[in-house]
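Engineer: Below: one structure in structure tokens.
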Amino acid sequence: MSTAIASDRALTIMLVCGEPSGDQLGAELMAGLKTLGGETVNIVGVGGSAMAAHGLKSLFPVDATAVMGLRAVVPRIPEILRHLRLASDFALKTRPDAVVCIDSPDFTHRIAQRLHRLKAGIPAINYAAPQVWASRQYRARKMARYFDLVLTLLPFEAQFFKAHGLRAEFVGHPVVERTARIHGGAALRRRFNVEPDRPLLAVLPGSRMNEVRQLLPIFRDAVARVRRHIVDLACVLPVAPHVAAFVRQETKHWPGTLHIVEIEADKFAAFDAADAALAASGTVTTELALAGTPMAVAYRIGWLTYALLRPLVRVPYITLVNLLLNRAAVPEFIQGRCRADLLAACLTRLLQDAALREAQKRDLRESVHLLGKDAEEPSLRAARVLLEFARERRAARAAA
């Protein structure tokens with residue numbers, strides 16, 4: 001029996017993401033839309049290489065908006081505003097059945113806001129909403145003015161948004177669908193001549209240029225310190241294409257063996273191969289949890305951005321694994337604690353203590369189960385809710 005949802009005429013869904021993590025979510029949502037809607041769904045908008053692989057012709061490159069922090073954003077404001085207007089003008093001209101804003105709220109939400117301000121009458125949907133339950137909760141009420149629906153990734157988020165007057169549906173975290181891609185570790189080790197018993201560390205300094213600039217020097221120094229105790233340590237560094245040239249330049253004098261990989265299959269193979277990981281906070285930590293790769297998580301932003309945000313944070317952790325389990329299962333090194341000496345001490349223990357690694361692996365398995373790892377694919381649930389909502393709104397407009 002076909003899974004396609006019938007329709008009198010094709011729906012046009014506009015997807016907009018602003019950075020690589022949103023690009024991955026968008027690609028998975030596109031796959032779900034095609035599975036359920038087939039030829040009855042036309043997808044347009046803004047995305048990166050992952051969404052392009054599913055057939056999206058992006059209005060502009062996604063790296064044009066992939067910036068974070070005041071110091072990084074300010075010089076790019078004219079360019080960001082130009083792309084914001086380009087995307088919203090496209091929606092105003094083509095009148096899609098829905099505009100789906102994926103992640104990157106500093107960019108994508110402004111598109112929804114402009115459409116609302118201009119009374120466009122185009123339904124706006126937020127997929128992967130900002131974690132306003134963690135800080136600045138008043139933003140949820142503001143979102144209710146310009147979003148018609150939120151598709152939440154975490155089970156407790158739907159009730160939170162509903163309490164603030166915004167329609168919300170829990171669809172699960174799409175990252176769990178990447179489990180099947182996490183394989184090939186043994187082959188990767190053979191390819192790079194890294195023996196099965198040689199310690200291998202995955203190094204993940206982020207996908208945004210400003211993240212990489214902040215964290216890569218600290219990660220490099222931490223690895224140098226770890227090698228004082230583990231002299232045969234090898235490293236593998238998966239890198240996003242738009243920062244690859246910078247990373248290669250900055251790692252020319254890396255301490256010890258380093259293998260840089262750029263394609264997604266190699267990234268997941270690296271997770272499978274690694275004994276442990278040093279990762280920037282973000283979606284990649286949940287991918288590592290799916291791989292069962294023990295990790296230490298680090299993050300640092302500009303001092304002014306941190307000073308402004310710190311008083312607003314209402315949660316004790318930034319890593320999703322820890323938030324789900326409500327305990328520090330994964331060590332976190334944030335801002336002032338994001339130091340090479342502290343990271344090195346943690347990683348040395350993690351690489352040398354098999355019992356410590358196994359304990360964290362148990363916690364990682366528990367956390368991904370809470371994300372819906374054993375249920376229906378989240379992208380299919382998200383696509384179904386999205387299509388039903390878009391058709392509901394189309395029918396309401398036709399009856400008006």
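Residue numbering restarts at 1 in every chain; chains get A, B, ... in the order shown in the structure tokens, and ligands count up from 1 in that same order.
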Check region 251-399 of chain A with DSSP on the backbone and list each residue it calls strand (DSSP E), as a PDB file with C-alpha atoms, in the first residue's frame.

Structural biologist:
```pdb
ATOM      1  CA  THR A 257      49.107  11.852  13.603  1.00  0.00           C
ATOM      2  CA  LEU A 258      46.062  13.647  12.206  1.00  0.00           C
ATOM      3  CA  HIS A 259      43.667  12.491   9.490  1.00  0.00           C
ATOM      4  CA  ILE A 260      41.200  15.059   8.142  1.00  0.00           C
ATOM      5  CA  VAL A 261      38.012  13.748   6.509  1.00  0.00           C
ATOM      6  CA  ALA A 276      36.772   8.819  22.435  1.00  0.00           C
ATOM      7  CA  ALA A 277      35.931  12.277  21.105  1.00  0.00           C
ATOM      8  CA  LEU A 278      36.597  15.910  21.898  1.00  0.00           C
ATOM      9  CA  ALA A 279      33.637  17.846  20.536  1.00  0.00           C
ATOM     10  CA  ALA A 280      32.187  21.317  20.344  1.00  0.00           C
ATOM     11  CA  MET A 295      33.282  12.184  24.739  1.00  0.00           C
ATOM     12  CA  ALA A 296      34.229  15.408  26.412  1.00  0.00           C
ATOM     13  CA  VAL A 297      32.303  18.498  25.295  1.00  0.00           C
ATOM     14  CA  ALA A 298      33.717  22.000  25.117  1.00  0.00           C
ATOM     15  CA  TYR A 299      32.482  25.406  24.059  1.00  0.00           C
ATOM     16  CA  GLU A 332      31.400  19.682  29.914  1.00  0.00           C
ATOM     17  CA  PHE A 333      34.052  22.399  29.668  1.00  0.00           C
ATOM     18  CA  ILE A 334      32.346  25.705  29.008  1.00  0.00           C
TER      19      ILE A 334
END
```

Engineer: Within 9 Å of Pro378 (chain A), counting only C-alpha atoms, which residues show up once you throw out same-chain ones fewer than 4 positions away? Write them as a ChimeraX atom specification, please.

Structural biologist: /A:28-29,32,153,171-177,372-373,382-383

Engineer: Could you list, as a PyMOL selection string, every residue within 10 Å of Phe246 (chain A), counting only C-alpha atoms and ignoring same-chain residues fewer than 5 positions away?

Structural biologist: chain A and resi 209+212-213+239+241+251

Engineer: Can you write out the residues you just picked, keeping C-alpha atoms, as a PDB file, in the first residue's frame?

Structural biologist:
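Output (part.pdb):
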```pdb
ATOM      1  CA  MET A 209      33.928  29.317  11.162  1.00  0.00           C
ATOM      2  CA  VAL A 212      36.489  26.607  14.702  1.00  0.00           C
ATOM      3  CA  ARG A 213      38.569  29.760  15.200  1.00  0.00           C
ATOM      4  CA  VAL A 239      35.388  18.860   8.855  1.00  0.00           C
ATOM      5  CA  PRO A 241      33.377  21.655   3.554  1.00  0.00           C
ATOM      6  CA  THR A 251      46.532  21.966  11.516  1.00  0.00           C
TER       7      THR A 251
END
```

Engineer: What residues in region 208-286 of chain A get the DSSP label alpha helix (DSSP H)? Please answer as a PyMOL selection string.

Structural biologist: chain A and resi 209-226+244-250+264-273+283-286

Engineer: For the residues selected in the previous step, produce a file with N, CA and C atoms as a tab-separated table (two decimals), in the first residue's frame.

Structural biologist:
```tsv
chain	number	residue	atom	x	y	z
A	209	MET	N	32.56	28.81	11.20
A	209	MET	CA	33.93	29.32	11.16
A	209	MET	C	34.34	29.93	12.48
A	210	ASN	N	33.45	30.70	13.12
A	210	ASN	CA	33.84	31.33	14.38
A	210	ASN	C	34.02	30.32	15.50
A	211	GLU	N	33.27	29.21	15.48
A	211	GLU	CA	33.50	28.14	16.44
A	211	GLU	C	34.89	27.54	16.25
A	212	VAL	N	35.21	27.24	15.00
A	212	VAL	CA	36.49	26.61	14.70
A	212	VAL	C	37.64	27.53	15.11
A	213	ARG	N	37.52	28.81	14.82
A	213	ARG	CA	38.57	29.76	15.20
A	213	ARG	C	38.78	29.79	16.71
A	214	GLN	N	37.69	29.71	17.47
A	214	GLN	CA	37.78	29.76	18.92
A	214	GLN	C	38.36	28.46	19.49
A	215	LEU	N	37.88	27.32	18.98
A	215	LEU	CA	38.14	26.05	19.65
A	215	LEU	C	39.34	25.28	19.12
A	216	LEU	N	39.65	25.40	17.83
A	216	LEU	CA	40.71	24.56	17.26
A	216	LEU	C	42.06	24.76	17.96
A	217	PRO	N	42.49	25.99	18.26
A	217	PRO	CA	43.78	26.13	18.97
A	217	PRO	C	43.78	25.46	20.34
A	218	ILE	N	42.64	25.56	21.04
A	218	ILE	CA	42.54	24.93	22.37
A	218	ILE	C	42.58	23.42	22.23
A	219	PHE	N	41.85	22.89	21.26
A	219	PHE	CA	41.84	21.44	21.03
A	219	PHE	C	43.23	20.94	20.66
A	220	ARG	N	43.93	21.71	19.83
A	220	ARG	CA	45.29	21.32	19.42
A	220	ARG	C	46.22	21.24	20.64
A	221	ASP	N	46.12	22.23	21.52
A	221	ASP	CA	46.97	22.23	22.70
A	221	ASP	C	46.59	21.09	23.65
A	222	ALA	N	45.30	20.79	23.73
A	222	ALA	CA	44.86	19.69	24.59
A	222	ALA	C	45.42	18.36	24.07
A	223	VAL	N	45.38	18.16	22.76
A	223	VAL	CA	45.92	16.92	22.18
A	223	VAL	C	47.42	16.82	22.45
A	224	ALA	N	48.14	17.93	22.34
A	224	ALA	CA	49.57	17.91	22.63
A	224	ALA	C	49.84	17.45	24.06
A	225	ARG	N	49.00	17.88	24.99
A	225	ARG	CA	49.16	17.48	26.38
A	225	ARG	C	48.82	16.01	26.58
A	226	VAL	N	47.77	15.52	25.89
A	226	VAL	CA	47.39	14.11	26.01
A	226	VAL	C	48.52	13.22	25.51
A	244	ALA	N	36.90	23.66	5.59
A	244	ALA	CA	37.96	22.67	5.38
A	244	ALA	C	39.31	23.32	5.08
A	245	ALA	N	39.33	24.32	4.21
A	245	ALA	CA	40.60	24.95	3.85
A	245	ALA	C	41.25	25.60	5.07
A	246	PHE	N	40.44	26.28	5.88
A	246	PHE	CA	40.97	26.92	7.09
A	246	PHE	C	41.53	25.87	8.04
A	247	VAL	N	40.79	24.78	8.26
A	247	VAL	CA	41.24	23.74	9.18
A	247	VAL	C	42.55	23.11	8.70
A	248	ARG	N	42.65	22.84	7.42
A	248	ARG	CA	43.89	22.25	6.90
A	248	ARG	C	45.08	23.19	7.11
A	249	GLN	N	44.85	24.45	6.92
A	249	GLN	CA	45.93	25.42	7.13
A	249	GLN	C	46.35	25.48	8.59
A	250	GLU	N	45.36	25.47	9.49
A	250	GLU	CA	45.65	25.64	10.91
A	250	GLU	C	46.15	24.36	11.58
A	264	GLU	N	30.63	12.95	4.51
A	264	GLU	CA	29.80	12.53	5.64
A	264	GLU	C	30.02	11.08	6.02
A	265	ALA	N	30.18	10.21	5.05
A	265	ALA	CA	30.39	8.79	5.35
A	265	ALA	C	31.64	8.59	6.20
A	266	ASP	N	32.69	9.36	5.89
A	266	ASP	CA	33.91	9.25	6.68
A	266	ASP	C	33.73	9.82	8.09
A	267	LYS	N	32.89	10.84	8.21
A	267	LYS	CA	32.61	11.39	9.54
A	267	LYS	C	32.01	10.31	10.43
A	268	PHE	N	31.00	9.63	9.93
A	268	PHE	CA	30.35	8.60	10.74
A	268	PHE	C	31.27	7.41	10.96
A	269	ALA	N	32.10	7.09	9.97
A	269	ALA	CA	33.08	6.02	10.16
A	269	ALA	C	34.09	6.41	11.25
A	270	ALA	N	34.44	7.69	11.30
A	270	ALA	CA	35.34	8.17	12.34
A	270	ALA	C	34.73	8.00	13.72
A	271	PHE	N	33.43	8.30	13.85
A	271	PHE	CA	32.75	8.09	15.13
A	271	PHE	C	32.81	6.62	15.53
A	272	ASP	N	32.60	5.75	14.54
A	272	ASP	CA	32.61	4.31	14.78
A	272	ASP	C	34.00	3.82	15.17
A	273	ALA	N	35.02	4.45	14.60
A	273	ALA	CA	36.39	4.00	14.82
A	273	ALA	C	37.00	4.54	16.11
A	283	THR	N	24.87	19.51	17.62
A	283	THR	CA	24.24	18.28	17.16
A	283	THR	C	25.21	17.11	17.12
A	284	VAL	N	26.47	17.39	16.87
A	284	VAL	CA	27.46	16.32	16.75
A	284	VAL	C	27.57	15.51	18.03
A	285	THR	N	27.29	16.10	19.19
A	285	THR	CA	27.38	15.34	20.43
A	285	THR	C	26.29	14.28	20.50
A	286	THR	N	25.14	14.56	19.91
A	286	THR	CA	24.08	13.55	19.87
A	286	THR	C	24.42	12.46	18.86
```

Engineer: Given only C-alpha atoms as the basis, pick out the residue of A:Glu376, A:Gln137, A:Leu351, A:Gln360 nearest to Ala328 (chain A).

Structural biologist: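 Counting only C-alpha atoms, the residue closest to Ala328 (chain A) is A:Gln360.
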
Engineer: Write out as an NGL selection string which residues come within 7 Å of region 124-132 of chain A when counting only C-alpha atoms, dropping same-chain ones fewer than 3 positions away.

Structural biologist: :A and (98-103 or 105 or 112 or 135-137 or 139-140 or 147-153)

Engineer: For those residues, write N, CA and C atoms to a file as a compact mmCIF listing (two decimals), in the first residue's frame.

Structural biologist:
```txt
# COMPACT_ATOMS: atom_id res chain seq x y z
N ALA A 98 3.51 26.60 2.77
CA ALA A 98 4.08 26.77 4.11
C ALA A 98 5.55 27.12 3.98
N VAL A 99 6.03 27.93 4.91
CA VAL A 99 7.46 28.22 5.04
C VAL A 99 7.94 27.55 6.32
N VAL A 100 8.93 26.67 6.19
CA VAL A 100 9.44 25.93 7.33
C VAL A 100 10.82 26.48 7.68
N CYS A 101 10.94 27.08 8.85
CA CYS A 101 12.20 27.66 9.32
C CYS A 101 12.91 26.61 10.17
N ILE A 102 14.09 26.19 9.72
CA ILE A 102 14.80 25.09 10.35
C ILE A 102 16.00 25.63 11.11
N ASP A 103 15.95 25.50 12.45
CA ASP A 103 17.10 25.87 13.27
C ASP A 103 17.49 27.33 13.02
N PRO A 105 17.76 30.33 14.57
CA PRO A 105 16.69 31.32 14.80
C PRO A 105 17.10 32.76 14.52
N ALA A 112 10.26 34.61 9.12
CA ALA A 112 8.88 34.45 9.58
C ALA A 112 8.33 35.76 10.11
N SER A 135 16.65 29.34 28.30
CA SER A 135 16.96 30.73 28.60
C SER A 135 15.99 31.62 27.83
N ARG A 136 15.74 32.79 28.36
CA ARG A 136 14.85 33.78 27.73
C ARG A 136 13.50 33.16 27.32
N GLN A 137 12.81 32.61 28.30
CA GLN A 137 11.56 31.92 28.02
C GLN A 137 10.49 32.84 27.43
N ARG A 139 10.69 34.47 24.92
CA ARG A 139 10.72 34.38 23.46
C ARG A 139 9.66 33.43 22.92
N ALA A 140 9.23 32.47 23.74
CA ALA A 140 8.20 31.53 23.29
C ALA A 140 6.90 32.28 22.99
N PHE A 147 4.75 32.41 14.31
CA PHE A 147 4.73 31.01 13.90
C PHE A 147 3.34 30.43 14.13
N ASP A 148 2.93 29.57 13.22
CA ASP A 148 1.64 28.89 13.33
C ASP A 148 1.77 27.51 13.95
N LEU A 149 2.97 26.95 13.90
CA LEU A 149 3.18 25.59 14.40
C LEU A 149 4.67 25.41 14.69
N VAL A 150 4.96 24.66 15.75
CA VAL A 150 6.33 24.26 16.06
C VAL A 150 6.40 22.73 16.06
N LEU A 151 7.36 22.19 15.33
CA LEU A 151 7.64 20.76 15.36
C LEU A 151 8.82 20.57 16.30
N THR A 152 8.58 19.95 17.46
CA THR A 152 9.62 19.88 18.49
C THR A 152 10.40 18.57 18.40
N LEU A 153 11.65 18.65 18.80
CA LEU A 153 12.54 17.50 18.75
C LEU A 153 12.63 16.75 20.07
```
